[in-house]
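Asks: I have a structure here, written as structure tokens, and I will follow up with some questions on it.
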Amino acid sequence: MVMKIKEIEYAISNELVSYQDAIFLMEERVESISSKKKPELIWFLEHPPIYTAGTSANDSDLLKKDTFPVFNASRGGEYTYHGPGQRIVYVMLNIRERGYDIRTFVSTLEKWITDTLKDLGIDSFLIKENVGVWVNNNKTSYSEEKIASIGLRVRKGITFHGVSLNISPNLKHFKGIVSCGNKDKGTTSLKKLGVTLSTKDIDKILLKNFKSNFHLNTSITQIQS
């Protein structure tokens, strides 16, 4: 049974957001959600080109140390790349009040992305040992390529960080790291798979599937970011 919780807000940033600013604003929002001063939030944005190291990152997986700034991230996971053309959605939800354990929450995030990809005409799948969303591509040396990643932190029962979906990033930038520790797998994007919809249109599909997967019985309202 889903509890009725006050309105959820969403924000869309049209300019690139620095990673430092994003972390500061997320942590500030988590505290405000915890104290009931502000509602939950999902935030759509893009970062300048950076590498981030999750709490399980291995130093040897940073292959090119001087290519982009590297940030230690409080999220779970290993090294990943963020940059223009990659849609980040930071998800700040009170999973304690909503009755999710972390495993169920991650599974729901994954289904949110697979449903979105299905709407875009992309067949995707999950790999039990590897969090994220994958596609098959017989045209490359990798039979499995990641198209979306998930990395989370939970504080006081509230999630932050979230998901990243590769719309049209420079895929060469992923070669500076062993992305998410997956040495034998590749990385792809919607553009590489032939999807030409705008980010604005993809955001609409993401929002629709977010509502359906999380069975929200509250309204979601856009705010200025």
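Quick note on naming: the chains in the structure tokens go A, B, ... in the order shown, residues restart at 1 in each chain, and ligands are numbered from 1 in order of appearance.
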Could you pull the residues within 6 Å of stretch 203-209 of chain A, counting only C-alpha atoms, minus those fewer than 4 positions along the same chain, as a CSV table (one decimal) with N, CA and C atoms, in the first residue's frame?

Replies:
```csv
chain,number,residue,atom,x,y,z
A,112,TRP,N,11.9,1.6,-14.4
A,112,TRP,CA,11.6,2.9,-14.9
A,112,TRP,C,12.4,3.2,-16.2
A,116,THR,N,11.1,3.2,-20.2
A,116,THR,CA,11.3,4.4,-21.0
A,116,THR,C,12.0,4.0,-22.4
A,213,ASN,N,5.7,3.8,-12.6
A,213,ASN,CA,6.5,2.8,-11.9
A,213,ASN,C,6.5,3.0,-10.4
```

Asks: Run DSSP on the backbone of this structure and report the residues of stretch 141-217 of chain A it assigns to strand (DSSP E), as an NGL selection string.

Replies: :A and (144-155 or 158-166 or 186-187)

Asks: Record the distance separating atom CA of A:Asp61 and atom CA of A:Tyr79, expressed in Å with one decimal.

Replies: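 If I compute the distance from atom CA of A:Asp61 to atom CA of A:Tyr79, I get 7.1 Å.
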
Asks: Quick one: residues within 9 Å of stretch 168-175 of chain A, only C-alpha atoms counted, chain neighbours fewer than 6 positions away excluded, as an mmCIF file with C-alpha atoms, in the first residue's frame?

Replies:
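Below is the file part-v1.cif, written as the result:
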```
data_model
loop_
_atom_site.group_PDB
_atom_site.id
_atom_site.type_symbol
_atom_site.label_atom_id
_atom_site.label_comp_id
_atom_site.auth_asym_id
_atom_site.auth_seq_id
_atom_site.Cartn_x
_atom_site.Cartn_y
_atom_site.Cartn_z
ATOM 1 C CA PRO A 49 32.749 16.336 -18.570
ATOM 2 C CA TYR A 51 34.767 11.280 -13.863
ATOM 3 C CA LEU A 63 42.961 4.839 -16.979
ATOM 4 C CA LYS A 64 43.535 8.492 -17.939
ATOM 5 C CA THR A 67 41.684 13.976 -19.033
ATOM 6 C CA THR A 80 31.661 6.540 -14.156
ATOM 7 C CA TYR A 81 31.669 9.386 -16.646
ATOM 8 C CA HIS A 82 29.251 12.309 -16.751
ATOM 9 C CA GLY A 83 29.088 14.904 -19.493
ATOM 10 C CA PRO A 84 26.961 16.770 -22.025
ATOM 11 C CA GLY A 85 24.467 14.546 -23.821
ATOM 12 C CA GLN A 86 23.966 12.331 -20.784
ATOM 13 C CA ARG A 87 20.700 12.849 -18.928
ATOM 14 C CA THR A 187 28.888 1.615 -23.453
ATOM 15 C CA THR A 188 26.303 2.913 -25.894
ATOM 16 C CA SER A 189 23.808 5.738 -26.333
ATOM 17 C CA LEU A 190 20.376 6.417 -27.772
ATOM 18 C CA LYS A 191 22.001 8.351 -30.606
ATOM 19 C CA LYS A 192 24.212 5.385 -31.490
#
```

Asks: Give the answer as one residue: which of A:Ile42, A:Val70, A:Ala57, A:Ile150 has the shortest atom-to-atom distance to A:Met26, using only C-alpha atoms?

Replies: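 Smallest separation from A:Met26 among the options: A:Ile42.
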
Asks: Between atom CA of A:Ile8 and atom CA of A:Asp115, what is the spacing in Å?

Replies: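 Those two atoms sit 20.9 Å apart.
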
Asks: Would you mind writing down, as a list in words, each residue of stretch 46-108 of chain A that DSSP on the backbone assigns to helix (DSSP H, G or I)?

Replies: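 Helix (DSSP H, G or I) assignments inside stretch 46-108 of chain A correspond to Asp59, Ser60, Asp61, Ile95, Arg96, Glu97, Arg98, Ile102, Arg103, Thr104, Phe105, Val106, Ser107 and Thr108 of chain A.
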
Asks: May I have the residues within 12 Å of A:Thr114 as a list in words, using only C-alpha atoms and disregarding those fewer than 4 positions away in the same chain?

Replies: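 These residues fall inside the cut-off: Ser107, Thr108, Leu109, Glu110, Lys118, Asp119, Leu120, Gly121, Ile122, Asp123, Ser124, Phe125, Leu126, Gly132, Val133, Trp134, Val135, Lys146, Ile147, Ala148, Ser149, Leu165, Ile205, Leu206, Asn209, Phe210 and Asn213 of chain A.
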
Asks: Could you take the residues named above and write them with N, CA and C atoms, as a short mmCIF file (atom, residue, chain, number, x, y, z; two decimals), in the first residue's frame?

Replies:
```cif
data_model
loop_
_atom_site.label_atom_id
_atom_site.label_comp_id
_atom_site.auth_asym_id
_atom_site.auth_seq_id
_atom_site.Cartn_x
_atom_site.Cartn_y
_atom_site.Cartn_z
N SER A 107 15.45 -1.85 -8.05
CA SER A 107 14.73 -2.59 -9.09
C SER A 107 13.68 -1.72 -9.77
N THR A 108 13.03 -0.86 -8.99
CA THR A 108 12.02 0.03 -9.56
C THR A 108 12.67 1.08 -10.45
N LEU A 109 13.83 1.59 -10.04
CA LEU A 109 14.57 2.52 -10.90
C LEU A 109 14.94 1.86 -12.22
N GLU A 110 15.41 0.62 -12.16
CA GLU A 110 15.79 -0.09 -13.37
C GLU A 110 14.59 -0.29 -14.30
N LYS A 118 11.77 1.08 -23.82
CA LYS A 118 10.76 0.37 -24.62
C LYS A 118 9.91 1.37 -25.39
N ASP A 119 9.52 2.47 -24.74
CA ASP A 119 8.75 3.50 -25.42
C ASP A 119 9.54 4.13 -26.57
N LEU A 120 10.86 4.09 -26.47
CA LEU A 120 11.73 4.64 -27.50
C LEU A 120 12.11 3.61 -28.57
N GLY A 121 11.54 2.42 -28.44
CA GLY A 121 11.81 1.37 -29.42
C GLY A 121 13.09 0.60 -29.19
N ILE A 122 13.62 0.66 -27.97
CA ILE A 122 14.89 -0.01 -27.63
C ILE A 122 14.61 -1.19 -26.71
N ASP A 123 15.04 -2.38 -27.11
CA ASP A 123 14.96 -3.55 -26.24
C ASP A 123 16.16 -3.53 -25.29
N SER A 124 15.91 -3.59 -24.01
CA SER A 124 16.99 -3.55 -23.02
C SER A 124 16.78 -4.66 -22.00
N PHE A 125 17.78 -4.85 -21.17
CA PHE A 125 17.71 -5.93 -20.20
C PHE A 125 18.59 -5.60 -19.00
N LEU A 126 18.42 -6.40 -17.95
CA LEU A 126 19.20 -6.26 -16.73
C LEU A 126 20.17 -7.44 -16.63
N GLY A 132 22.25 -1.51 -13.41
CA GLY A 132 22.17 -0.66 -14.59
C GLY A 132 21.31 -1.31 -15.65
N VAL A 133 21.27 -0.68 -16.81
CA VAL A 133 20.43 -1.17 -17.91
C VAL A 133 21.31 -1.36 -19.14
N TRP A 134 21.08 -2.47 -19.86
CA TRP A 134 21.97 -2.92 -20.93
C TRP A 134 21.20 -3.17 -22.21
N VAL A 135 21.95 -3.14 -23.32
CA VAL A 135 21.40 -3.51 -24.63
C VAL A 135 22.40 -4.42 -25.32
N LYS A 146 26.27 -0.94 -21.89
CA LYS A 146 25.45 -0.23 -20.91
C LYS A 146 24.94 1.07 -21.50
N ILE A 147 23.66 1.33 -21.27
CA ILE A 147 23.05 2.57 -21.74
C ILE A 147 22.59 3.45 -20.59
N ALA A 148 22.47 2.88 -19.40
CA ALA A 148 22.04 3.67 -18.24
C ALA A 148 22.67 3.10 -16.98
N SER A 149 23.07 4.01 -16.09
CA SER A 149 23.71 3.61 -14.83
C SER A 149 22.88 4.09 -13.65
N LEU A 165 21.25 8.40 -18.09
CA LEU A 165 20.85 7.78 -19.35
C LEU A 165 21.65 8.43 -20.47
N ILE A 205 8.94 11.44 -21.52
CA ILE A 205 8.74 9.99 -21.43
C ILE A 205 9.26 9.49 -20.08
N LEU A 206 10.39 10.02 -19.64
CA LEU A 206 10.91 9.64 -18.33
C LEU A 206 9.92 9.99 -17.22
N ASN A 209 6.89 7.57 -17.18
CA ASN A 209 7.21 6.25 -16.64
C ASN A 209 7.61 6.30 -15.17
N PHE A 210 8.14 7.43 -14.73
CA PHE A 210 8.42 7.58 -13.30
C PHE A 210 7.12 7.50 -12.51
N ASN A 213 5.73 3.80 -12.61
CA ASN A 213 6.50 2.80 -11.89
C ASN A 213 6.48 3.00 -10.38
#
```

Asks: Rank nothing, just name the residue among A:Tyr19, A:Tyr90, A:Glu129, A:Leu193 nearest to A:Asn72, using only C-alpha atoms.

Replies: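 The closest residue to A:Asn72 is A:Tyr19.
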
Asks: Could you check which of A:Arg75, A:Lys128, A:His215, A:Lys156 is closest to A:Thr52, using only C-alpha atoms?

Replies: A:Arg75

Asks: Go through A:Phe214, A:Phe44, A:Tyr100, A:Phe68 one by one, measure the shortest atom-to-atom distance of each to A:Thr159 using only C-alpha atoms, and give the residue with the smallest value.

Replies: A:Tyr100

Asks: Using only C-alpha atoms, pick whichever of A:Ile23, A:Leu197, A:Val154, A:Ile12 has the shortest atom-to-atom distance to A:Asp101.

Replies: A:Val154

Asks: Grab the atom CA of A:Ala22 to atom CA of A:Glu145 distance for me, in Å with one decimal place.

Replies: 27.3 Å

Asks: Quick one: residues within 7 Å of A:Leu16, only C-alpha atoms counted, chain neighbours fewer than 4 positions away excluded, as a PyMOL selection string?

Replies: chain A and resi 45-48

Asks: For the residues in the current selection, export N, CA and C atoms as a PDB file, in the first residue's frame.

Replies:
```
ATOM      1  N   LEU A  45      19.215  17.055 -15.190  1.00  0.00           N
ATOM      2  CA  LEU A  45      20.332  17.949 -15.481  1.00  0.00           C
ATOM      3  C   LEU A  45      21.409  17.241 -16.278  1.00  0.00           C
ATOM      4  N   GLU A  46      22.435  18.016 -16.655  1.00  0.00           N
ATOM      5  CA  GLU A  46      23.660  17.477 -17.248  1.00  0.00           C
ATOM      6  C   GLU A  46      24.853  18.136 -16.572  1.00  0.00           C
ATOM      7  N   HIS A  47      25.969  17.406 -16.539  1.00  0.00           N
ATOM      8  CA  HIS A  47      27.207  17.929 -15.962  1.00  0.00           C
ATOM      9  C   HIS A  47      28.224  18.240 -17.065  1.00  0.00           C
ATOM     10  N   PRO A  48      29.192  19.101 -16.779  1.00  0.00           N
ATOM     11  CA  PRO A  48      30.362  19.204 -17.655  1.00  0.00           C
ATOM     12  C   PRO A  48      31.112  17.865 -17.625  1.00  0.00           C
TER      13      PRO A  48
END
```

Asks: In terms of the shortest atom-to-atom distance over only C-alpha atoms, which of A:Ile113, A:Val89, A:Glu97, A:Val17 is closest to A:Lys36?

Replies: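 So, comparing all the options, the nearest one is A:Glu97.
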
Asks: Skip A:Asp59 itself and residues of its chain fewer than 6 positions away, then list as a short mmCIF file (atom, residue, chain, number, x, y, z; two decimals) with N, CA and C atoms, in the first residue's frame all residues within 10 Å of it, counting only C-alpha atoms.

Replies:
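Okay, this is what ended up in selection.cif:
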```
data_model
loop_
_atom_site.label_atom_id
_atom_site.label_comp_id
_atom_site.auth_asym_id
_atom_site.auth_seq_id
_atom_site.Cartn_x
_atom_site.Cartn_y
_atom_site.Cartn_z
N ALA A 53 34.13 8.82 -8.80
CA ALA A 53 34.50 7.54 -8.19
C ALA A 53 33.55 7.23 -7.06
N LYS A 65 44.32 9.78 -16.06
CA LYS A 65 44.16 10.62 -14.87
C LYS A 65 44.01 12.11 -15.17
N GLU A 78 31.29 2.27 -8.79
CA GLU A 78 32.70 2.46 -9.12
C GLU A 78 32.88 3.73 -9.95
N TYR A 79 33.82 3.73 -10.90
CA TYR A 79 34.03 4.92 -11.71
C TYR A 79 32.95 5.04 -12.78
N ILE A 177 38.23 5.46 -18.37
CA ILE A 177 37.97 4.69 -17.15
C ILE A 177 37.53 3.28 -17.53
#
```

Asks: I'd like the neighbourhood of A:Glu9 as a PyMOL selection string, where a residue qualifies if any of its atoms comes within 9 Å (using only C-alpha atoms), though same-chain residues fewer than 2 positions away should be ignored.

Replies: chain A and resi 7+11+39-43+219-223

Asks: What would the file look like if the residues just selected were written as a short mmCIF file (atom, residue, chain, number, x, y, z; two decimals), in the first residue's frame with N, CA and C atoms?

Replies:
```cif
data_model
loop_
_atom_site.label_atom_id
_atom_site.label_comp_id
_atom_site.auth_asym_id
_atom_site.auth_seq_id
_atom_site.Cartn_x
_atom_site.Cartn_y
_atom_site.Cartn_z
N GLU A 7 2.92 16.62 -2.30
CA GLU A 7 3.40 16.83 -3.66
C GLU A 7 4.91 16.62 -3.84
N ALA A 11 12.59 19.42 -11.16
CA ALA A 11 13.29 20.57 -11.72
C ALA A 11 14.07 20.12 -12.94
N PRO A 39 9.25 19.43 -0.13
CA PRO A 39 8.83 18.12 -0.64
C PRO A 39 9.96 17.37 -1.31
N GLU A 40 9.69 16.12 -1.63
CA GLU A 40 10.65 15.31 -2.39
C GLU A 40 10.88 15.93 -3.77
N LEU A 41 11.99 15.52 -4.39
CA LEU A 41 12.40 16.17 -5.64
C LEU A 41 13.05 15.18 -6.59
N ILE A 42 12.73 15.31 -7.87
CA ILE A 42 13.53 14.67 -8.92
C ILE A 42 14.07 15.80 -9.81
N TRP A 43 15.36 15.69 -10.14
CA TRP A 43 16.07 16.80 -10.77
C TRP A 43 16.76 16.32 -12.03
N SER A 219 0.62 14.65 -6.92
CA SER A 219 0.96 15.38 -8.14
C SER A 219 2.45 15.68 -8.17
N ILE A 220 2.98 15.82 -9.38
CA ILE A 220 4.38 16.20 -9.56
C ILE A 220 4.38 17.56 -10.25
N THR A 221 5.00 18.53 -9.64
CA THR A 221 4.96 19.90 -10.11
C THR A 221 6.36 20.38 -10.45
N GLN A 222 6.49 21.04 -11.61
CA GLN A 222 7.79 21.58 -12.00
C GLN A 222 8.11 22.85 -11.22
N ILE A 223 9.37 22.98 -10.81
CA ILE A 223 9.84 24.17 -10.14
C ILE A 223 11.03 24.72 -10.91
#
```
